[in-house]
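Novice: One structure coming up, written as structure tokens, with questions to follow.
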Amino acid sequence: MARARTLVDADVHAVVPSTQSLFPYLSAHWRDHVTNTLMKGVVETAYPRFAPTTSRTGLDAPNGPPAGSSLEALQRDVLDCDEVEYAILCCTYQVDSLHNPDAAVAFSSAANDWLAAEWLDQDPRLRAGIVVPVHYPELAAREIDRVGGHPGFVQANLPARTTFPLGSRINSPIWDAIARNDLVAAIHFGGAPGTPPTPSGWSSYYLEDYAGMAHVVQSQLVSLITEGTLEVHPGVKVAVLEAGFTWIGPFLWRFDKEWRNLRRLVPWVRRPPSAYLRDHFRFTIQPLDAPDRNDHLLQAIDQIGSEHVLMYSSDYPHRHASDPDRLLNIVPAQLADRIRADNAKALYGLP
């Protein structure tokens with residue numbers, strides 16, 4: 001008898017293998033443009049190919065397609081191997097590197113149609129996030145509305161690094177569209193190649209970008225809570241993907257303290273920031289930036305103050321030093337069940 005599937009994987013990557021793979025979903029104009037000009041589509045990526053963190057050993061052959069670009073490999077390596085009931089695809093196709101708004105929209109739409117046809121329609125266990133040109137909020141909202149009714153799309157993907165903070169009023173059209181389509185907003189590692197990845201300017205090495213991305217994510221959470229986005233849209237939920245979570249406790253202590261000092265400046269923030277985070281935000285557990293001692297890891301989890309915040313993820317095909325089973329094996333059984341599946345099912349409305 002087959003064992004029951006008990007996992008919901010909240011962060012699995014679907015990688016566009018090449019610009020040409022989107023040709024069936026691009027208009028003749030854009031196919032000709034790519035073929036006959038120097039424009040090659042989206043070439044920026046937050047995941048340098050063959051970097052140790054980009055793919056697990058053996059998944060990215062030099063002469064083959066990039067890791068994460070094959071549905072068959074995903075089914076073999078994740079869905080069937082790990083007994084996954086559902087997997088949420090995150091396509092981090094960096095259309096925000098395209099500064100021609102027409103191109104940004106065209107390639108966003110093509111990526112979404114490619115996801116729907118070649119992934120979602122091929123396996124009922126899959127759900128996905130919508131690729132949006134976040135640097136053009138009105139156009140991003142239009143793309144969310146275009147495909148937001150597809151039952152396979154459950155969230156809109158927003159990169160952690162953006163030209164303007166996500167809570168800025170400039171981005172209001174995006175949040176309006178997410179709310180009216182009853183979608184989750186997903187903030188994911190990467191984004192905005194033209195924006196420095198640190199508060200103090202441009203870094204020199206990928207290690208700086210990679211290690212510092214949690215700080216970028218923290219700035220987006222501060223923005224969303226402080227600007228009142230979650231008061232305007234009280235039903236919106238936010239999934240924070242591939243940002244770690246062990247920093248949440250100390251981050252909330254500081255945020256709550258400063259809110260008490262400065263709340264008169266933002267009277268629309270009616271509750272402590274920690275309350276907004278526990279109600280509205282969910283975090284995937286990979287990368288597991290964990291201390292060596294299990295008791296310290298349990299303390300970091302306890303500091304979050306809620307059993308509903310963490311969600312299982314494999315972050316396939318990326319490679320991380322820590323196995324998520326380590327966390328699942330040391331937390332109480334009820335919390336482990338919530339992390340494995342229940343929290344993600346509640347967030348995405350999965351049966």
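Every chain in the structure tokens has a letter given in the order shown (A, B, ...), and although residue numbers restart at 1 in each chain, ligands are simply numbered from 1 in the order shown.
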Find the residues near Val16 in chain A: any atom within 9 Å, counting only C-alpha atoms, skip ones fewer than 2 places away on the same chain, and give them as number ranges by chain.

Specialist: A: 14, 18-19, 21-22, 66, 68-69, 91-93, 111, 114-115

Novice: Could you pull out the residues in range 133-203 of chain A that DSSP calls helix (DSSP H, G or I) from the backbone, as JSON, numbers by chain?

Specialist: {"A": [137, 138, 139, 140, 141, 142, 143, 144, 145, 146, 147, 169, 170, 171, 172, 173, 174, 175, 176, 177, 178, 179, 180]}

Novice: Write out as a list of chain:residue names which residues come within 12 Å of Ala321 in chain A when counting only C-alpha atoms, dropping same-chain ones fewer than 3 positions away.

Specialist: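 Once the adjacent positions are removed, what remains is A:Pro52, A:Thr53, A:Arg56, A:Gln286, A:Pro287, A:Leu288, A:Asp289, A:Ala290, A:Pro291, A:Asp292, A:Ser314, A:His318, A:Pro324, A:Arg326.
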
Novice: Could you take the residues named above and write them with C-alpha atoms, as a compact mmCIF listing (two decimals), in the first residue's frame?

Specialist:
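Output (selection-v5.txt):
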# COMPACT_ATOMS: atom_id res chain seq x y z
CA PRO A 52 27.65 25.95 -5.35
CA THR A 53 24.37 27.33 -3.97
CA ARG A 56 22.46 20.30 -6.06
CA GLN A 286 15.00 26.78 3.71
CA PRO A 287 17.69 28.00 3.93
CA LEU A 288 17.83 26.72 7.50
CA ASP A 289 20.26 29.23 8.99
CA ALA A 290 20.45 27.23 12.17
CA PRO A 291 22.82 27.17 15.12
CA ASP A 292 24.69 23.93 15.75
CA SER A 314 12.96 22.00 -0.33
CA HIS A 318 19.20 24.86 -4.83
CA PRO A 324 14.97 20.33 6.85
CA ARG A 326 16.70 18.19 11.34

Novice: Find the spatial neighbours of Phe255 in chain A, counting only C-alpha atoms, within a cut-off of 12 Å - ignore same-chain residues fewer than 5 positions away - and output them as a PyMOL selection string.

Specialist: chain A and resi 218-219+221-223+225-226+248-250+260-263+271-277

Novice: For range 146-156 of chain A, work out the shell of residues within 10 Å, counting only C-alpha atoms and skipping chain neighbours fewer than 6 positions away, then give it as a ChimeraX atom specification.

Specialist: /A:88-90,109,112-113,115-116,119-121,124-132,134,140,174-175,177-178,180-187,237-239,347-350

Novice: Range 294-296 of chain A: which residues within 10 Å, counting only C-alpha atoms, same-chain residues fewer than 3 positions away excluded, as JSON, numbers by chain?

Specialist: {"A": [246, 290, 291, 299, 300, 301, 302, 326, 327, 330, 331]}

Novice: Considering only C-alpha atoms, state which residue in the set A:Pro173, A:Gly244, A:Pro101, A:Gly235 is at the smallest distance from Gly212 in chain A.

Specialist: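 Result for the nearest residue to Gly212 in chain A: A:Gly244.
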
Novice: I'd like the neighbourhood of range 307-309 of chain A as a tab-separated table (two decimals) with all heavy atoms, in the first residue's frame, where a residue qualifies if any of its atoms comes within 10 Å (using only C-alpha atoms), though same-chain residues fewer than 2 positions away should be ignored.

Specialist:
chain	number	residue	atom	x	y	z
A	239	ALA	N	3.90	35.33	1.73
A	239	ALA	CA	4.84	34.23	1.91
A	239	ALA	C	6.24	34.76	1.65
A	239	ALA	O	6.51	35.35	0.61
A	239	ALA	CB	4.53	33.10	0.94
A	240	VAL	N	7.13	34.57	2.61
A	240	VAL	CA	8.52	35.00	2.48
A	240	VAL	C	9.35	33.76	2.19
A	240	VAL	O	9.46	32.87	3.02
A	240	VAL	CB	9.01	35.71	3.75
A	240	VAL	CG1	10.44	36.20	3.57
A	240	VAL	CG2	8.08	36.88	4.09
A	245	PHE	N	14.67	32.20	8.67
A	245	PHE	CA	13.67	32.61	9.65
A	245	PHE	C	14.23	32.78	11.06
A	245	PHE	O	13.57	33.33	11.93
A	245	PHE	CB	12.52	31.59	9.71
A	245	PHE	CG	12.93	30.26	10.25
A	245	PHE	CD1	12.89	30.00	11.63
A	245	PHE	CD2	13.36	29.24	9.41
A	245	PHE	CE1	13.29	28.77	12.14
A	245	PHE	CE2	13.76	28.02	9.91
A	245	PHE	CZ	13.72	27.78	11.29
A	277	LEU	N	3.04	40.59	11.70
A	277	LEU	CA	3.85	39.52	11.13
A	277	LEU	C	3.22	38.16	11.39
A	277	LEU	O	3.11	37.34	10.47
A	277	LEU	CB	5.27	39.58	11.69
A	277	LEU	CG	6.22	38.55	11.07
A	277	LEU	CD1	7.58	39.16	10.76
A	277	LEU	CD2	6.40	37.33	11.97
A	278	ARG	N	2.78	37.92	12.62
A	278	ARG	CA	2.23	36.60	12.93
A	278	ARG	C	0.90	36.35	12.21
A	278	ARG	O	0.59	35.22	11.87
A	278	ARG	CB	2.06	36.46	14.44
A	278	ARG	CG	3.40	36.41	15.17
A	278	ARG	CD	3.26	36.43	16.67
A	278	ARG	NE	4.59	36.48	17.31
A	278	ARG	CZ	4.96	37.37	18.20
A	278	ARG	NH1	4.09	38.31	18.62
A	278	ARG	NH2	6.17	37.36	18.71
A	279	ASP	N	0.14	37.41	11.94
A	279	ASP	CA	-1.15	37.25	11.26
A	279	ASP	C	-1.00	37.14	9.75
A	279	ASP	O	-1.77	36.42	9.10
A	279	ASP	CB	-2.07	38.43	11.58
A	279	ASP	CG	-2.63	38.36	12.99
A	279	ASP	OD1	-2.45	37.31	13.66
A	279	ASP	OD2	-3.24	39.35	13.43
A	280	HIS	N	-0.05	37.88	9.17
A	280	HIS	CA	-0.02	38.04	7.72
A	280	HIS	C	1.13	37.34	7.01
A	280	HIS	O	1.04	37.09	5.81
A	280	HIS	CB	0.04	39.53	7.36
A	280	HIS	CG	-1.20	40.29	7.69
A	280	HIS	ND1	-2.26	40.41	6.81
A	280	HIS	CD2	-1.57	40.96	8.80
A	280	HIS	CE1	-3.21	41.13	7.36
A	280	HIS	NE2	-2.82	41.47	8.57
A	281	PHE	N	2.22	37.04	7.71
A	281	PHE	CA	3.43	36.55	7.04
A	281	PHE	C	3.69	35.09	7.36
A	281	PHE	O	3.50	34.64	8.49
A	281	PHE	CB	4.65	37.38	7.46
A	281	PHE	CG	4.62	38.80	6.97
A	281	PHE	CD1	3.97	39.79	7.70
A	281	PHE	CD2	5.23	39.15	5.77
A	281	PHE	CE1	3.93	41.10	7.26
A	281	PHE	CE2	5.20	40.46	5.33
A	281	PHE	CZ	4.55	41.45	6.07
A	282	ARG	N	4.15	34.37	6.33
A	282	ARG	CA	4.58	32.99	6.48
A	282	ARG	C	5.97	32.85	5.86
A	282	ARG	O	6.28	33.50	4.87
A	282	ARG	CB	3.59	32.03	5.79
A	282	ARG	CG	2.15	32.14	6.32
A	282	ARG	CD	2.05	31.68	7.76
A	282	ARG	NE	0.70	31.76	8.30
A	282	ARG	CZ	0.26	32.75	9.07
A	282	ARG	NH1	1.06	33.77	9.38
A	282	ARG	NH2	-0.97	32.74	9.55
A	283	PHE	N	6.81	31.99	6.44
A	283	PHE	CA	8.20	31.86	6.03
A	283	PHE	C	8.52	30.41	5.73
A	283	PHE	O	8.17	29.51	6.50
A	283	PHE	CB	9.13	32.34	7.15
A	283	PHE	CG	9.04	33.81	7.45
A	283	PHE	CD1	7.97	34.32	8.18
A	283	PHE	CD2	10.02	34.68	7.00
A	283	PHE	CE1	7.88	35.67	8.47
A	283	PHE	CE2	9.93	36.04	7.28
A	283	PHE	CZ	8.86	36.54	8.02
A	284	THR	N	9.23	30.18	4.62
A	284	THR	CA	9.71	28.83	4.34
A	284	THR	C	10.98	28.55	5.15
A	284	THR	O	11.72	29.47	5.50
A	284	THR	CB	10.00	28.66	2.85
A	284	THR	OG1	10.92	29.66	2.41
A	284	THR	CG2	8.72	28.74	2.04
A	285	ILE	N	11.21	27.28	5.44
A	285	ILE	CA	12.28	26.94	6.38
A	285	ILE	C	13.65	26.80	5.72
A	285	ILE	O	14.65	26.66	6.42
A	285	ILE	CB	11.95	25.65	7.15
A	285	ILE	CG1	11.80	24.46	6.20
A	285	ILE	CG2	10.69	25.85	7.98
A	285	ILE	CD1	11.63	23.13	6.92
A	301	ILE	N	12.91	29.17	17.16
A	301	ILE	CA	11.54	28.89	16.72
A	301	ILE	C	10.54	29.43	17.73
A	301	ILE	O	9.52	30.04	17.37
A	301	ILE	CB	11.36	27.37	16.51
A	301	ILE	CG1	12.24	26.90	15.35
A	301	ILE	CG2	9.89	27.03	16.24
A	301	ILE	CD1	12.31	25.39	15.21
A	302	ASP	N	10.82	29.22	19.01
A	302	ASP	CA	9.93	29.70	20.07
A	302	ASP	C	9.81	31.22	20.06
A	302	ASP	O	8.74	31.77	20.36
A	302	ASP	CB	10.42	29.22	21.42
A	302	ASP	CG	9.50	29.60	22.56
A	302	ASP	OD1	8.34	29.15	22.56
A	302	ASP	OD2	9.93	30.35	23.45
A	304	ILE	N	9.56	33.15	17.63
A	304	ILE	CA	8.61	33.63	16.62
A	304	ILE	C	7.25	33.86	17.25
A	304	ILE	O	6.52	34.77	16.87
A	304	ILE	CB	8.52	32.61	15.46
A	304	ILE	CG1	9.88	32.50	14.76
A	304	ILE	CG2	7.44	33.01	14.47
A	304	ILE	CD1	9.95	31.40	13.73
A	305	GLY	N	6.88	33.01	18.20
A	305	GLY	CA	5.64	33.23	18.94
A	305	GLY	C	4.38	32.73	18.27
A	305	GLY	O	3.29	33.15	18.64
A	311	MET	N	6.70	27.16	7.07
A	311	MET	CA	6.23	26.21	6.06
A	311	MET	C	7.42	25.42	5.52
A	311	MET	O	8.51	25.97	5.32
A	311	MET	CB	5.56	26.94	4.89
A	311	MET	CG	4.38	27.80	5.27
A	311	MET	SD	3.51	28.48	3.82
A	311	MET	CE	4.79	29.49	3.06
A	334	GLN	N	2.92	18.14	16.78
A	334	GLN	CA	1.86	19.00	16.24
A	334	GLN	C	2.45	20.13	15.40
A	334	GLN	O	1.95	20.45	14.32
A	334	GLN	CB	1.02	19.60	17.38
A	334	GLN	CG	-0.09	20.52	16.89
A	334	GLN	CD	-0.94	21.04	18.03
A	334	GLN	OE1	-1.06	20.41	19.07
A	334	GLN	NE2	-1.56	22.20	17.82
A	335	LEU	N	3.54	20.72	15.86
A	335	LEU	CA	4.19	21.78	15.10
A	335	LEU	C	4.82	21.21	13.83
A	335	LEU	O	4.76	21.84	12.77
A	335	LEU	CB	5.26	22.47	15.95
A	335	LEU	CG	6.07	23.58	15.26
A	335	LEU	CD1	5.15	24.65	14.66
A	335	LEU	CD2	7.06	24.20	16.23
A	336	ALA	N	5.40	20.04	13.92
A	336	ALA	CA	5.99	19.42	12.73
A	336	ALA	C	4.93	19.21	11.65
A	336	ALA	O	5.18	19.45	10.46
A	336	ALA	CB	6.64	18.09	13.09
A	338	ARG	N	2.21	20.96	11.26
A	338	ARG	CA	1.86	22.28	10.71
A	338	ARG	C	2.90	22.72	9.69
A	338	ARG	O	2.57	23.25	8.63
A	338	ARG	CB	1.77	23.31	11.84
A	338	ARG	CG	0.55	23.15	12.74
A	338	ARG	CD	0.41	24.35	13.66
A	338	ARG	NE	-0.75	24.24	14.53
A	338	ARG	CZ	-2.00	24.53	14.17
A	338	ARG	NH1	-2.22	24.94	12.93
A	338	ARG	NH2	-2.99	24.40	15.02
A	339	ILE	N	4.17	22.50	10.01
A	339	ILE	CA	5.24	22.92	9.11
A	339	ILE	C	5.22	22.08	7.84
A	339	ILE	O	5.39	22.61	6.72
A	339	ILE	CB	6.60	22.84	9.81
A	339	ILE	CG1	6.67	23.86	10.95
A	339	ILE	CG2	7.74	23.08	8.82
A	339	ILE	CD1	7.90	23.71	11.84
A	342	ASP	N	0.18	21.68	7.03
A	342	ASP	CA	-1.03	22.37	7.44
A	342	ASP	C	-0.96	23.88	7.24
A	342	ASP	O	-1.94	24.51	6.81
A	342	ASP	CB	-1.35	22.06	8.91
A	342	ASP	CG	-1.69	20.60	9.14
A	342	ASP	OD1	-1.89	19.88	8.14
A	342	ASP	OD2	-1.73	20.17	10.31
A	343	ASN	N	0.18	24.49	7.55
A	343	ASN	CA	0.29	25.94	7.42
A	343	ASN	C	0.20	26.37	5.96
A	343	ASN	O	-0.45	27.36	5.63
A	343	ASN	CB	1.60	26.44	8.04
A	343	ASN	CG	1.58	26.36	9.55
A	343	ASN	OD1	0.54	26.28	10.17
A	343	ASN	ND2	2.75	26.40	10.17
A	344	ALA	N	0.86	25.63	5.07
A	344	ALA	CA	0.79	25.97	3.65
A	344	ALA	C	-0.60	25.72	3.08
A	344	ALA	O	-1.10	26.49	2.26
A	344	ALA	CB	1.84	25.16	2.88
A	346	ALA	N	-3.42	25.98	4.66
A	346	ALA	CA	-4.26	27.07	5.11
A	346	ALA	C	-3.97	28.34	4.34
A	346	ALA	O	-4.89	29.08	3.95
A	346	ALA	CB	-4.06	27.29	6.61
A	347	LEU	N	-2.70	28.62	4.09
A	347	LEU	CA	-2.31	29.84	3.37
A	347	LEU	C	-2.84	29.84	1.95
A	347	LEU	O	-3.39	30.86	1.48
A	347	LEU	CB	-0.79	29.97	3.36
A	347	LEU	CG	-0.22	31.19	2.62
A	347	LEU	CD1	-0.57	32.47	3.35
A	347	LEU	CD2	1.29	31.06	2.42

Novice: Among the residues of range 202-339 of chain A, find those DSSP assigns to strand (DSSP E) from the backbone and print them as a count of residues only.

Specialist: 10

Novice: Return the single residue from A:Thr54, A:Gln20, A:Ser313, A:Asn157 that is closest to Tyr210 in chain A, with distances computed using only C-alpha atoms.

Specialist: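 Checking each candidate against Tyr210 in chain A, we get A:Thr54 as the closest.
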
Novice: Ranking A:Leu241, A:Ala73, A:Ala179, A:Ala104 by minimum distance to Ala10 in chain A and counting only C-alpha atoms, which one comes first?

Specialist: A:Leu241

Novice: Looking at A:Gln75, A:Thr57, A:Asn36, A:Asn100, which one is nearest to Gln122 in chain A, with distances taken over only C-alpha atoms?

Specialist: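 Among A:Gln75, A:Thr57, A:Asn36, A:Asn100, it is A:Gln75 that comes nearest to Gln122 in chain A.
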
Novice: Just the number, please: distance in Å from CA of Ser172 in chain A to CA of Val269 in chain A, one decimal.

Specialist: 17.0 Å
